[in-house]
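**Student:** Okay, so here is work.csv, and as you'll see once you scroll down, it has CSV, C-alpha atoms.
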```
chain,number,residue,atom,x,y,z
A,1218,MET,CA,-18.2,43.0,-8.1
A,1219,LYS,CA,-16.0,39.9,-8.2
A,1220,GLN,CA,-16.1,37.0,-5.7
A,1221,THR,CA,-13.9,34.0,-5.3
A,1222,LEU,CA,-15.5,30.6,-4.9
A,1223,VAL,CA,-13.7,27.5,-3.6
A,1224,VAL,CA,-14.4,24.3,-5.5
A,1225,LYS,CA,-13.0,21.0,-4.2
A,1226,LEU,CA,-11.6,18.4,-6.6
A,1227,ASP,CA,-12.6,14.8,-5.7
A,1228,THR,CA,-9.5,13.2,-7.2
A,1229,ASN,CA,-8.6,9.5,-7.2
A,1230,LYS,CA,-5.1,8.3,-6.5
A,1231,GLU,CA,-4.0,8.4,-10.2
A,1232,GLN,CA,-5.6,11.8,-10.9
A,1233,HIS,CA,-4.0,13.3,-7.7
A,1234,SER,CA,-0.5,12.0,-8.8
A,1235,ALA,CA,-0.9,13.4,-12.3
A,1236,ILE,CA,-2.1,16.8,-11.1
A,1237,LEU,CA,0.7,17.0,-8.4
A,1238,GLU,CA,3.3,16.1,-11.0
A,1239,THR,CA,2.0,18.8,-13.3
A,1240,MET,CA,2.1,21.3,-10.4
A,1241,HIS,CA,5.7,20.4,-9.6
A,1242,ARG,CA,6.8,20.8,-13.2
A,1243,PHE,CA,4.9,24.0,-13.6
A,1244,ASN,CA,6.6,25.6,-10.6
A,1245,GLU,CA,10.0,24.3,-11.7
A,1246,ALA,CA,9.4,26.0,-15.0
A,1247,CYS,CA,8.5,29.2,-13.1
A,1248,ASN,CA,11.8,29.2,-11.2
A,1249,TYR,CA,13.7,28.6,-14.5
A,1250,ILE,CA,11.9,31.5,-16.2
A,1251,ALA,CA,12.4,33.7,-13.1
A,1252,ASP,CA,16.2,33.2,-13.4
A,1253,ILE,CA,16.2,34.4,-16.9
A,1254,ALA,CA,13.8,37.3,-16.3
A,1255,PHE,CA,15.9,38.5,-13.4
A,1256,GLU,CA,19.1,38.1,-15.5
A,1257,LEU,CA,17.5,40.1,-18.4
A,1258,LYS,CA,15.8,42.5,-16.0
A,1259,THR,CA,12.5,42.3,-17.9
A,1260,ALA,CA,9.0,41.6,-16.8
A,1261,ASN,CA,7.6,42.0,-20.4
A,1262,LYS,CA,5.7,38.9,-21.2
A,1263,ARG,CA,6.2,39.0,-24.9
A,1264,GLU,CA,9.9,39.6,-24.7
A,1265,LEU,CA,10.3,36.9,-22.2
A,1266,GLN,CA,8.2,34.5,-24.2
A,1267,LYS,CA,10.5,34.9,-27.2
A,1268,VAL,CA,13.5,33.9,-25.1
A,1269,VAL,CA,12.2,31.0,-23.0
A,1270,TYR,CA,9.1,29.5,-24.7
A,1271,TYR,CA,10.7,26.6,-26.6
A,1272,ASP,CA,13.3,25.8,-23.8
A,1273,VAL,CA,10.5,25.6,-21.2
A,1274,ARG,CA,8.4,23.3,-23.4
A,1275,ASP,CA,11.4,21.0,-24.0
A,1276,LYS,CA,12.9,21.0,-20.5
A,1277,PHE,CA,9.7,20.6,-18.5
A,1278,LYS,CA,7.3,18.9,-21.0
A,1279,LEU,CA,4.6,21.5,-20.4
A,1280,SER,CA,1.8,22.1,-22.9
A,1281,ALA,CA,1.8,25.3,-25.0
A,1282,GLN,CA,-0.8,27.0,-22.8
A,1283,LEU,CA,0.7,25.9,-19.5
A,1284,THR,CA,4.0,27.4,-20.7
A,1285,ILE,CA,2.3,30.7,-21.5
A,1286,ARG,CA,0.6,30.7,-18.0
A,1287,ALA,CA,4.0,30.0,-16.3
A,1288,ILE,CA,5.6,33.0,-18.2
A,1289,ALA,CA,2.6,35.2,-17.2
A,1290,LYS,CA,2.9,34.1,-13.5
A,1291,VAL,CA,6.6,35.0,-13.4
A,1292,CYS,CA,6.1,38.4,-15.0
A,1293,GLU,CA,3.2,39.3,-12.6
A,1294,SER,CA,5.4,38.3,-9.6
A,1295,TYR,CA,8.5,40.0,-10.9
A,1296,LYS,CA,6.7,43.3,-11.6
A,1297,ARG,CA,5.9,43.7,-7.9
A,1298,ASP,CA,9.6,44.2,-7.0
A,1299,LYS,CA,12.2,44.1,-9.6
A,1300,THR,CA,15.0,44.1,-7.0
A,1301,ILE,CA,14.2,40.6,-6.0
A,1302,LYS,CA,14.2,37.4,-8.0
A,1303,PRO,CA,10.9,35.7,-7.5
A,1304,THR,CA,10.9,32.1,-6.3
A,1305,PHE,CA,8.1,29.5,-6.4
A,1306,LYS,CA,7.4,26.6,-4.1
A,1307,PRO,CA,6.9,23.1,-5.7
A,1308,THR,CA,3.2,23.3,-4.8
A,1309,GLY,CA,2.6,26.9,-5.8
A,1310,ALA,CA,-0.7,27.6,-7.6
A,1311,ILE,CA,-1.2,26.9,-11.2
A,1312,VAL,CA,-3.2,29.5,-13.1
A,1313,TYR,CA,-5.7,27.8,-15.5
A,1314,ASP,CA,-7.7,29.6,-18.2
A,1315,GLN,CA,-10.6,28.4,-20.4
A,1316,ARG,CA,-8.3,26.7,-22.9
A,1317,ILE,CA,-7.0,24.2,-20.4
A,1318,LEU,CA,-9.8,23.9,-17.9
A,1319,SER,CA,-13.6,23.7,-18.4
A,1320,PHE,CA,-16.6,22.7,-16.3
A,1321,ARG,CA,-18.8,19.8,-17.2
A,1322,LYS,CA,-22.0,21.0,-15.8
A,1323,LEU,CA,-21.8,20.9,-12.0
A,1324,GLU,CA,-20.3,17.4,-11.7
A,1325,ALA,CA,-16.8,17.5,-13.0
A,1326,ILE,CA,-14.0,19.5,-14.7
A,1327,SER,CA,-11.8,18.8,-17.6
A,1328,ILE,CA,-8.3,19.8,-16.7
A,1329,LEU,CA,-5.1,19.6,-18.6
A,1330,THR,CA,-2.1,17.9,-17.0
A,1331,ASN,CA,1.2,16.4,-18.3
A,1332,SER,CA,-0.6,13.1,-18.5
A,1333,GLY,CA,-3.3,14.6,-20.8
A,1334,ARG,CA,-6.7,15.8,-20.0
A,1335,LEU,CA,-8.5,14.4,-17.0
A,1336,ALA,CA,-12.2,14.4,-16.1
A,1337,VAL,CA,-12.1,15.1,-12.3
A,1338,PRO,CA,-15.3,15.0,-10.2
A,1339,ILE,CA,-15.9,18.2,-8.1
A,1340,ARG,CA,-17.7,18.9,-4.8
A,1341,MET,CA,-19.4,22.1,-3.9
A,1342,GLY,CA,-22.2,23.5,-1.8
A,1343,GLU,CA,-25.4,25.1,-3.0
A,1344,TYR,CA,-23.9,28.6,-2.6
A,1345,GLN,CA,-21.2,27.7,-5.2
A,1346,LYS,CA,-23.6,25.9,-7.5
A,1347,VAL,CA,-26.0,28.8,-8.1
A,1348,ARG,CA,-23.0,31.1,-8.9
A,1349,LEU,CA,-20.9,29.0,-11.2
A,1350,ASP,CA,-22.6,30.3,-14.4
A,1351,ARG,CA,-21.0,33.7,-13.6
A,1352,ILE,CA,-17.4,32.5,-14.0
A,1353,ARG,CA,-15.1,35.2,-15.3
A,1354,GLY,CA,-11.5,34.8,-16.3
A,1355,GLN,CA,-9.0,32.4,-14.8
A,1356,ALA,CA,-9.0,29.9,-11.9
A,1357,ASP,CA,-6.2,29.1,-9.6
A,1358,LEU,CA,-5.5,25.5,-8.7
A,1359,ILE,CA,-4.1,25.2,-5.2
A,1360,LEU,CA,-3.1,22.3,-2.9
A,1361,ARG,CA,-4.2,22.6,0.7
A,1362,ASN,CA,-3.6,19.8,3.2
A,1363,GLY,CA,-3.2,17.3,0.4
A,1364,ILE,CA,-6.5,18.2,-1.3
A,1365,PHE,CA,-6.7,20.1,-4.6
A,1366,TYR,CA,-9.1,23.1,-4.8
A,1367,LEU,CA,-10.0,25.5,-7.6
A,1368,MET,CA,-10.3,29.2,-6.7
A,1369,VAL,CA,-12.9,30.4,-9.2
A,1370,VAL,CA,-13.6,34.1,-9.8
A,1371,VAL,CA,-17.3,34.9,-10.5
A,1372,GLU,CA,-19.1,38.1,-11.2
A,1373,ALA,CA,-21.5,38.8,-8.3
A,1374,PRO,CA,-24.5,41.0,-9.2
A,1375,GLU,CA,-24.8,44.1,-7.0
A,1376,ALA,CA,-28.2,45.4,-5.8
A,1377,SER,CA,-29.3,48.9,-6.5
A,1378,LYS,CA,-28.0,51.3,-3.9
A,1379,VAL,CA,-30.3,51.7,-1.0
A,1380,ASP,CA,-31.3,55.3,-0.2
A,1381,ALA,CA,-30.3,55.1,3.5
A,1382,VAL,CA,-32.4,56.9,6.0
A,1383,GLY,CA,-30.0,56.4,8.9
A,1384,THR,CA,-26.6,55.1,9.8
A,1385,LEU,CA,-25.8,51.9,11.7
A,1386,GLY,CA,-22.5,52.6,13.6
A,1387,VAL,CA,-20.5,49.4,14.3
A,1388,ASP,CA,-17.6,49.3,16.8
A,1389,LEU,CA,-15.2,46.4,16.4
A,1390,GLY,CA,-13.5,45.3,19.6
A,1391,ILE,CA,-11.8,42.5,21.5
A,1392,VAL,CA,-14.2,41.5,24.3
A,1393,TYR,CA,-17.2,42.2,22.1
A,1394,LEU,CA,-16.2,41.5,18.5
A,1395,ALA,CA,-18.8,44.0,17.3
A,1396,THR,CA,-21.3,46.4,18.9
A,1397,ASP,CA,-23.8,48.6,17.0
A,1398,ASN,CA,-25.3,51.9,18.0
A,1399,ASP,CA,-28.5,50.2,19.0
A,1400,GLY,CA,-26.6,48.4,21.7
A,1401,GLU,CA,-26.7,44.9,20.1
A,1402,THR,CA,-23.4,43.1,20.8
A,1403,PHE,CA,-21.6,40.1,19.4
A,1404,SER,CA,-19.7,38.5,22.3
A,1405,GLY,CA,-16.2,37.1,22.0
A,1406,LYS,CA,-16.5,34.6,24.8
A,1407,GLN,CA,-16.8,31.6,22.5
A,1408,VAL,CA,-13.8,32.9,20.5
A,1409,ASP,CA,-11.8,33.3,23.8
A,1410,LYS,CA,-12.5,29.8,24.9
A,1411,VAL,CA,-11.3,28.4,21.6
A,1412,ARG,CA,-8.3,30.7,21.5
A,1413,GLU,CA,-7.2,29.8,25.0
A,1414,LYS,CA,-7.6,26.0,24.4
A,1415,ASN,CA,-5.6,26.3,21.1
A,1416,ALA,CA,-2.9,28.4,22.8
A,1417,ALA,CA,-2.3,25.8,25.5
A,1418,LEU,CA,-2.3,23.0,22.9
A,1419,ARG,CA,0.1,25.0,20.7
A,1420,THR,CA,2.5,25.4,23.6
A,1421,ASP,CA,2.6,21.7,24.3
A,1422,LEU,CA,3.1,20.8,20.6
A,1423,GLN,CA,5.9,23.3,20.2
A,1424,GLU,CA,7.6,21.9,23.3
A,1425,ALA,CA,7.3,18.3,21.9
A,1426,ASN,CA,8.8,19.5,18.6
A,1427,THR,CA,8.4,16.1,16.9
A,1428,PRO,CA,7.3,15.6,13.3
A,1429,SER,CA,3.9,14.4,14.4
A,1430,ALA,CA,3.6,17.5,16.7
A,1431,MET,CA,4.5,19.8,13.8
A,1432,ARG,CA,1.9,18.2,11.6
A,1433,HIS,CA,-0.7,18.6,14.4
A,1434,LEU,CA,0.4,22.2,14.8
A,1435,LYS,CA,-0.2,22.9,11.1
A,1436,ARG,CA,-3.7,21.3,11.3
A,1437,LEU,CA,-4.4,23.4,14.4
A,1438,SER,CA,-3.5,26.6,12.7
A,1439,ASP,CA,-5.7,25.8,9.7
A,1440,ARG,CA,-8.6,24.8,11.9
A,1441,GLU,CA,-8.4,28.0,13.9
A,1442,ALA,CA,-8.3,30.1,10.8
A,1443,ARG,CA,-11.5,28.4,9.5
A,1444,PHE,CA,-13.1,29.0,12.9
A,1445,HIS,CA,-12.3,32.7,12.7
A,1446,ARG,CA,-13.5,33.0,9.2
A,1447,ASP,CA,-16.8,31.3,10.1
A,1448,ILE,CA,-17.5,33.6,13.1
A,1449,ASN,CA,-16.7,36.7,11.0
A,1450,HIS,CA,-19.1,35.5,8.3
A,1451,ILE,CA,-21.9,35.0,10.8
A,1452,ILE,CA,-21.3,38.5,12.4
A,1453,SER,CA,-21.0,40.3,9.1
A,1454,ARG,CA,-24.1,38.6,7.7
A,1455,LYS,CA,-26.2,39.7,10.7
A,1456,ILE,CA,-24.9,43.3,10.6
A,1457,VAL,CA,-25.7,43.7,6.9
A,1458,ALA,CA,-29.1,42.0,7.2
A,1459,LYS,CA,-30.0,44.5,10.0
A,1460,ALA,CA,-28.8,47.5,8.0
A,1461,LYS,CA,-30.8,46.3,5.0
A,1462,ASP,CA,-34.0,45.7,7.0
A,1463,THR,CA,-33.8,49.1,8.6
A,1464,ARG,CA,-32.6,50.9,5.4
A,1465,GLN,CA,-29.4,52.2,7.1
A,1466,ALA,CA,-25.9,52.8,5.8
A,1467,ILE,CA,-23.1,51.0,7.8
A,1468,ALA,CA,-20.4,53.1,9.5
A,1469,LEU,CA,-17.1,51.4,10.5
A,1470,GLU,CA,-13.8,52.5,11.9
A,1471,ASP,CA,-10.8,52.5,9.6
A,1472,LEU,CA,-8.7,50.2,11.7
A,1473,LYS,CA,-5.7,50.0,9.3
A,1474,GLY,CA,-2.6,49.7,11.4
A,1475,ILE,CA,-4.4,49.1,14.7
A,1476,ARG,CA,-2.0,46.4,15.9
A,1477,LYS,CA,0.9,48.8,15.6
A,1478,SER,CA,-0.9,51.9,17.0
A,1479,VAL,CA,-2.8,50.4,20.0
A,1480,THR,CA,-1.4,49.5,23.3
A,1481,VAL,CA,-3.3,46.9,25.3
A,1482,ARG,CA,-2.7,45.0,28.5
A,1483,ARG,CA,-0.5,41.9,28.4
A,1484,THR,CA,-3.5,39.7,29.0
A,1485,GLN,CA,-5.2,41.1,25.9
A,1486,ARG,CA,-2.3,41.0,23.5
A,1487,SER,CA,-3.0,37.5,22.1
A,1488,ARG,CA,-6.6,38.6,21.6
A,1489,LEU,CA,-5.6,41.6,19.6
A,1490,HIS,CA,-3.0,39.9,17.5
A,1491,SER,CA,-5.0,36.7,16.8
A,1492,TRP,CA,-8.4,38.2,15.7
A,1493,ALA,CA,-8.9,39.1,12.0
A,1494,PHE,CA,-10.3,42.6,12.3
A,1495,CYS,CA,-9.5,43.3,8.7
A,1496,GLN,CA,-11.3,40.2,7.5
A,1497,LEU,CA,-14.4,41.0,9.5
A,1498,ARG,CA,-14.5,44.5,8.0
A,1499,SER,CA,-13.9,43.2,4.4
A,1500,PHE,CA,-16.7,40.6,4.9
A,1501,ILE,CA,-19.1,43.4,6.0
A,1502,GLU,CA,-18.0,45.6,3.1
A,1503,TYR,CA,-18.5,43.0,0.3
A,1504,LYS,CA,-21.8,41.7,1.7
A,1505,ALA,CA,-23.0,45.3,2.0
A,1506,THR,CA,-22.0,46.0,-1.6
A,1507,ILE,CA,-23.9,43.0,-2.9
A,1508,ALA,CA,-27.0,44.1,-0.8
A,1509,GLY,CA,-26.7,47.7,-2.0
A,1510,ILE,CA,-25.9,49.1,1.5
A,1511,PRO,CA,-23.5,52.1,1.6
A,1512,VAL,CA,-20.5,51.7,3.8
A,1513,VAL,CA,-18.6,54.6,5.3
A,1514,LEU,CA,-15.2,54.4,7.0
A,1515,VAL,CA,-14.4,56.9,9.7
A,1516,ASN,CA,-11.3,57.9,11.7
A,1517,PRO,CA,-11.4,55.9,14.9
A,1518,ARG,CA,-9.5,58.5,16.9
A,1519,GLY,CA,-11.5,59.5,20.0
A,1520,THR,CA,-14.6,57.5,19.4
A,1521,SER,CA,-14.4,55.7,22.7
A,1522,HIS,CA,-14.0,58.8,24.9
A,1523,ILE,CA,-16.0,61.6,23.3
A,1524,CYS,CA,-19.3,62.2,25.0
A,1525,PRO,CA,-22.2,62.0,22.5
A,1526,GLU,CA,-24.3,64.3,24.6
A,1527,CYS,CA,-22.1,67.3,25.3
A,1528,GLY,CA,-19.1,66.6,23.0
A,1529,HIS,CA,-16.6,66.6,25.8
A,1530,ASN,CA,-13.4,64.8,24.7
A,1531,GLU,CA,-11.3,63.4,27.5
A,1532,ARG,CA,-9.7,60.0,28.2
A,1533,ALA,CA,-10.9,60.2,31.8
A,1534,ASN,CA,-14.4,59.7,30.3
A,1535,ARG,CA,-13.6,56.1,30.0
A,1536,PRO,CA,-12.4,55.0,33.5
A,1537,ASN,CA,-12.2,51.3,32.4
A,1538,ARG,CA,-12.7,49.0,29.4
A,1539,ASP,CA,-16.5,48.6,29.8
A,1540,THR,CA,-17.6,51.9,31.3
A,1541,PHE,CA,-18.1,55.4,29.8
A,1542,ARG,CA,-18.9,58.3,32.2
A,1543,CYS,CA,-18.5,61.9,31.0
A,1544,VAL,CA,-16.6,63.9,33.6
A,1545,GLN,CA,-18.4,67.1,32.4
A,1546,CYS,CA,-22.1,66.2,32.1
A,1547,GLY,CA,-22.3,62.9,33.8
A,1548,PHE,CA,-23.7,61.0,30.8
A,1549,SER,CA,-22.8,57.3,31.1
A,1550,GLY,CA,-23.2,53.9,29.4
A,1551,ASN,CA,-21.4,50.9,28.0
A,1552,ALA,CA,-18.2,52.1,26.4
A,1553,ASP,CA,-18.5,50.0,23.2
A,1554,HIS,CA,-22.1,51.2,22.7
A,1555,ILE,CA,-21.0,54.8,23.1
A,1556,ALA,CA,-18.2,54.2,20.6
A,1557,ALA,CA,-20.7,52.9,18.1
A,1558,ILE,CA,-22.9,55.9,18.6
A,1559,ASN,CA,-19.9,58.2,17.9
A,1560,ILE,CA,-19.0,56.2,14.8
A,1561,ALA,CA,-22.5,56.6,13.4
A,1562,ALA,CA,-22.5,60.4,14.1
A,1563,ARG,CA,-19.0,60.8,12.5
A,1564,ALA,CA,-20.2,59.0,9.4
A,1565,VAL,CA,-23.2,61.3,9.1
A,1566,GLU,CA,-20.8,64.3,9.3
A,1567,VAL,CA,-18.6,62.8,6.6
A,1568,ASN,CA,-21.6,62.2,4.3
A,1569,GLN,CA,-22.9,65.8,4.8
A,1570,ARG,CA,-19.5,67.2,3.9
A,1571,ILE,CA,-19.2,65.1,0.8
A,1572,VAL,CA,-22.8,65.9,-0.3
A,1573,ALA,CA,-22.2,69.6,0.2
A,1574,CYS,CA,-19.0,69.4,-1.8
A,1575,ASN,CA,-20.7,67.6,-4.7
A,1576,GLU,CA,-23.5,70.2,-4.7
A,1577,VAL,CA,-20.9,73.0,-5.0
A,1578,LYS,CA,-19.3,71.1,-7.9
A,1579,ALA,CA,-22.7,70.6,-9.6
A,1580,ILE,CA,-23.6,74.3,-9.3
A,1581,THR,CA,-20.3,75.8,-10.3
A,1582,GLY,CA,-18.9,73.2,-12.6
A,1583,ILE,CA,-15.5,73.6,-10.9
A,1584,GLU,CA,-13.4,70.5,-10.1
A,1585,MET,CA,-12.5,70.4,-6.4
A,1586,GLU,CA,-11.6,67.9,-3.8
A,1587,HIS,CA,-13.9,66.8,-1.1
A,1588,SER,CA,-13.6,69.0,2.0
A,1589,TYR,CA,-13.3,65.9,4.1
A,1590,LYS,CA,-10.2,63.7,4.1
A,1591,PRO,CA,-10.1,60.9,6.6
A,1592,PRO,CA,-7.1,61.5,8.9
A,1593,VAL,CA,-4.4,58.9,9.2
A,1594,SER,CA,-5.4,56.2,11.8
A,1595,THR,CA,-3.6,56.7,15.0
A,1596,GLY,CA,-5.5,54.4,17.3
A,1597,GLY,CA,-8.6,52.5,18.1
A,1598,ASN,CA,-10.9,52.4,21.1
```
As structure tokens, what does this structure read like?

**Tutor:**
Amino acid sequence: MKQTLVVKLDTNKEQHSAILETMHRFNEACNYIADIAFELKTANKRELQKVVYYDVRDKFKLSAQLTIRAIAKVCESYKRDKTIKPTFKPTGAIVYDQRILSFRKLEAISILTNSGRLAVPIRMGEYQKVRLDRIRGQADLILRNGIFYLMVVVEAPEASKVDAVGTLGVDLGIVYLATDNDGETFSGKQVDKVREKNAALRTDLQEANTPSAMRHLKRLSDREARFHRDINHIISRKIVAKAKDTRQAIALEDLKGIRKSVTVRRTQRSRLHSWAFCQLRSFIEYKATIAGIPVVLVNPRGTSHICPECGHNERANRPNRDTFRCVQCGFSGNADHIAAINIAARAVEVNQRIVACNEVKAITGIEMEHSYKPPVSTGGN
């Protein structure tokens, strides 16, 4: 599978100016090319190159390969929706390939700019260093908070698939960010403290509405996003490690569209809309893939109010957020733990149906669809 590594460029003042000037020129060229592509109604790279290549080189003083990359960027963007002319910000990413960017061991890069090639020192952690020999394809140069970074795609080796002997069900929530079917929880208290502090500060900055306050607001947003990402990495790493140690598959709810389909109390709205559920799930999935751990996505409908003992399904089984108590058999427990148990059980059912279907195909040689199709997500727990 492919991963993206972030490499920081340690530019001096002259190098920063040269790269920034190239970035501006590159995106000006992209807007010029987009005008012509939209006028001709074509996203064909070869056809567009015949029309704009020499004009772009002359008007924007770009090198041959940077011109080719600008044309490719416009075509890729225009293909997504041909009813809209794509526009590019002055600091939009530049796509570099091996002809115009190369690594000098782990210390610097050689990068092409309008001022010629520059040898720019780079900074990276041990995680990036041991993976840079797996670089595949292109790299995106981006500007974030006045600092240049390279987004480098590498090929990450995948471990052999583990023959799972059980399933670790994981319930993603708001108060507890994750709870597994063993009852282990990952509390959101620390997250709530940071969120509440940032929300109060954000309100003050928005009321001030000064240039300084707006800059502070942008830094606050970036800092909060990094905090969320770090917490999600920690949780996902622990969940995958546990699944690997116990040779279990991981079962997750398919929470696509949860923000539109779930109604929560007013006091919990900011929690629901500020936490990156999709990011946490994606972190678990890609870490599990690298570790060889199977991941099963199940329909979340009813997982929080189905009794795992008698199967009785009623919303009254969950009288409040934290408590589950079956009105039919009296079975009770923590609501998030019960949901995780149901998620694990539902994943086992999914696997059994898929395996049974594959066995029929193998015996009969008849092409057929899996008997199980995950229903459209209509809500979470």

**Student:** Counting only C-alpha atoms, write as a VMD selection string all protein and nucleic acid residues lying at most 7 Å from (-15.6, 50.3, 12.5) in the file's frame.

**Tutor:** chain A and resid 1387 to 1389 1468 to 1472 1514

**Student:** For C-alpha atoms, I'd like the residues from the last selection saved as a PDB file, in the frame of the given file.

**Tutor:**
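Here's the written file again_36.pdb:
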```
ATOM      1  CA  VAL A1387     -20.500  49.400  14.300  1.00  0.00           C
ATOM      2  CA  ASP A1388     -17.600  49.300  16.800  1.00  0.00           C
ATOM      3  CA  LEU A1389     -15.200  46.400  16.400  1.00  0.00           C
ATOM      4  CA  ALA A1468     -20.400  53.100   9.500  1.00  0.00           C
ATOM      5  CA  LEU A1469     -17.100  51.400  10.500  1.00  0.00           C
ATOM      6  CA  GLU A1470     -13.800  52.500  11.900  1.00  0.00           C
ATOM      7  CA  ASP A1471     -10.800  52.500   9.600  1.00  0.00           C
ATOM      8  CA  LEU A1472      -8.700  50.200  11.700  1.00  0.00           C
ATOM      9  CA  LEU A1514     -15.200  54.400   7.000  1.00  0.00           C
TER      10      LEU A1514
END
```

**Student:** Have a look at atom CA of Val1224 of chain A and atom CA of Ser1327 of chain A and let me know their distance in Å, one decimal.

**Tutor:** 13.5 Å

**Student:** Using all atoms listed in the file, which of A:Ala1425, A:Cys1527, A:Ile1451, A:Ile1311 sits nearest Phe1500 of chain A?

**Tutor:**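 Looking at the shortest contact to Phe1500 of chain A, the residue is A:Ile1451.
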
**Student:** Choose the residue, out of A:Asn1559, A:Asn1244, A:Asn1331, A:Gln1465, that has the smallest atom-to-atom separation from Thr1304 of chain A; count all atoms listed in the file.

**Tutor:** A:Asn1244

**Student:** Please provide the set of residues having any atom within 9 Å of segment 1545-1554 of chain A, restricted to only C-alpha atoms, with same-chain residues fewer than 5 positions apart removed, written as a VMD selection string.

**Tutor:** chain A and resid 1387 to 1390 1393 1395 to 1402 1521 to 1522 1524 to 1527 1529 1534 to 1535 1537 to 1540 1559 1598

**Student:** Which is closer to Ile1507 of chain A than all the others in A:Asn1530, A:Thr1239, A:Ser1377, A:Thr1427, using only C-alpha atoms?

**Tutor:**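 With only C-alpha atoms as the atom set, the closest residue is A:Ser1377.
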
**Student:** For Ile1250 of chain A, which residue among A:Glu1231, A:Asp1272, A:Asp1462, A:Asp1439 is the nearest when counting all atoms listed in the file?

**Tutor:** A:Asp1272

**Student:** Dump N, CA and C atoms of segment 1531-1548 of chain A from the given block, as a PDB file, in the first residue's frame.

**Tutor:**
```
ATOM      1  N   GLU A1531     -34.655  -2.985  21.114  1.00  0.00           N
ATOM      2  CA  GLU A1531     -35.594  -1.914  21.470  1.00  0.00           C
ATOM      3  C   GLU A1531     -34.793  -0.722  22.006  1.00  0.00           C
ATOM      4  N   ARG A1532     -35.186   0.483  21.610  1.00  0.00           N
ATOM      5  CA  ARG A1532     -34.463   1.668  22.052  1.00  0.00           C
ATOM      6  C   ARG A1532     -34.530   1.845  23.575  1.00  0.00           C
ATOM      7  N   ALA A1533     -35.584   1.317  24.179  1.00  0.00           N
ATOM      8  CA  ALA A1533     -35.723   1.419  25.636  1.00  0.00           C
ATOM      9  C   ALA A1533     -34.636   0.632  26.361  1.00  0.00           C
ATOM     10  N   ASN A1534     -33.926  -0.249  25.634  1.00  0.00           N
ATOM     11  CA  ASN A1534     -32.822  -0.995  26.243  1.00  0.00           C
ATOM     12  C   ASN A1534     -31.690  -0.060  26.687  1.00  0.00           C
ATOM     13  N   ARG A1535     -31.676   1.140  26.119  1.00  0.00           N
ATOM     14  CA  ARG A1535     -30.628   2.099  26.487  1.00  0.00           C
ATOM     15  C   ARG A1535     -31.295   3.326  27.100  1.00  0.00           C
ATOM     16  N   PRO A1536     -31.547   3.301  28.408  1.00  0.00           N
ATOM     17  CA  PRO A1536     -32.270   4.400  29.063  1.00  0.00           C
ATOM     18  C   PRO A1536     -31.497   5.713  29.082  1.00  0.00           C
ATOM     19  N   ASN A1537     -30.160   5.640  29.036  1.00  0.00           N
ATOM     20  CA  ASN A1537     -29.348   6.860  28.962  1.00  0.00           C
ATOM     21  C   ASN A1537     -28.066   6.567  28.192  1.00  0.00           C
ATOM     22  N   ARG A1538     -27.210   7.571  28.056  1.00  0.00           N
ATOM     23  CA  ARG A1538     -26.030   7.440  27.216  1.00  0.00           C
ATOM     24  C   ARG A1538     -25.087   6.334  27.671  1.00  0.00           C
ATOM     25  N   ASP A1539     -24.948   6.172  28.982  1.00  0.00           N
ATOM     26  CA  ASP A1539     -23.933   5.268  29.519  1.00  0.00           C
ATOM     27  C   ASP A1539     -24.446   3.872  29.860  1.00  0.00           C
ATOM     28  N   THR A1540     -25.750   3.722  29.948  1.00  0.00           N
ATOM     29  CA  THR A1540     -26.298   2.473  30.489  1.00  0.00           C
ATOM     30  C   THR A1540     -27.071   1.672  29.454  1.00  0.00           C
ATOM     31  N   PHE A1541     -26.841   0.343  29.475  1.00  0.00           N
ATOM     32  CA  PHE A1541     -27.648  -0.596  28.686  1.00  0.00           C
ATOM     33  C   PHE A1541     -28.329  -1.544  29.670  1.00  0.00           C
ATOM     34  N   ARG A1542     -29.662  -1.704  29.520  1.00  0.00           N
ATOM     35  CA  ARG A1542     -30.402  -2.637  30.366  1.00  0.00           C
ATOM     36  C   ARG A1542     -31.538  -3.211  29.542  1.00  0.00           C
ATOM     37  N   CYS A1543     -31.439  -4.490  29.221  1.00  0.00           N
ATOM     38  CA  CYS A1543     -32.446  -5.127  28.375  1.00  0.00           C
ATOM     39  C   CYS A1543     -33.790  -5.190  29.110  1.00  0.00           C
ATOM     40  N   VAL A1544     -34.830  -4.693  28.487  1.00  0.00           N
ATOM     41  CA  VAL A1544     -36.154  -4.678  29.118  1.00  0.00           C
ATOM     42  C   VAL A1544     -36.789  -6.064  29.094  1.00  0.00           C
ATOM     43  N   GLN A1545     -36.209  -6.986  28.325  1.00  0.00           N
ATOM     44  CA  GLN A1545     -36.798  -8.327  28.230  1.00  0.00           C
ATOM     45  C   GLN A1545     -36.113  -9.317  29.162  1.00  0.00           C
ATOM     46  N   CYS A1546     -34.767  -9.378  29.134  1.00  0.00           N
ATOM     47  CA  CYS A1546     -34.076 -10.381  29.956  1.00  0.00           C
ATOM     48  C   CYS A1546     -33.328  -9.780  31.139  1.00  0.00           C
ATOM     49  N   GLY A1547     -33.218  -8.450  31.178  1.00  0.00           N
ATOM     50  CA  GLY A1547     -32.564  -7.799  32.307  1.00  0.00           C
ATOM     51  C   GLY A1547     -31.057  -7.699  32.195  1.00  0.00           C
ATOM     52  N   PHE A1548     -30.452  -8.197  31.098  1.00  0.00           N
ATOM     53  CA  PHE A1548     -29.008  -8.100  30.928  1.00  0.00           C
ATOM     54  C   PHE A1548     -28.602  -6.623  30.891  1.00  0.00           C
TER      55      PHE A1548
END
```
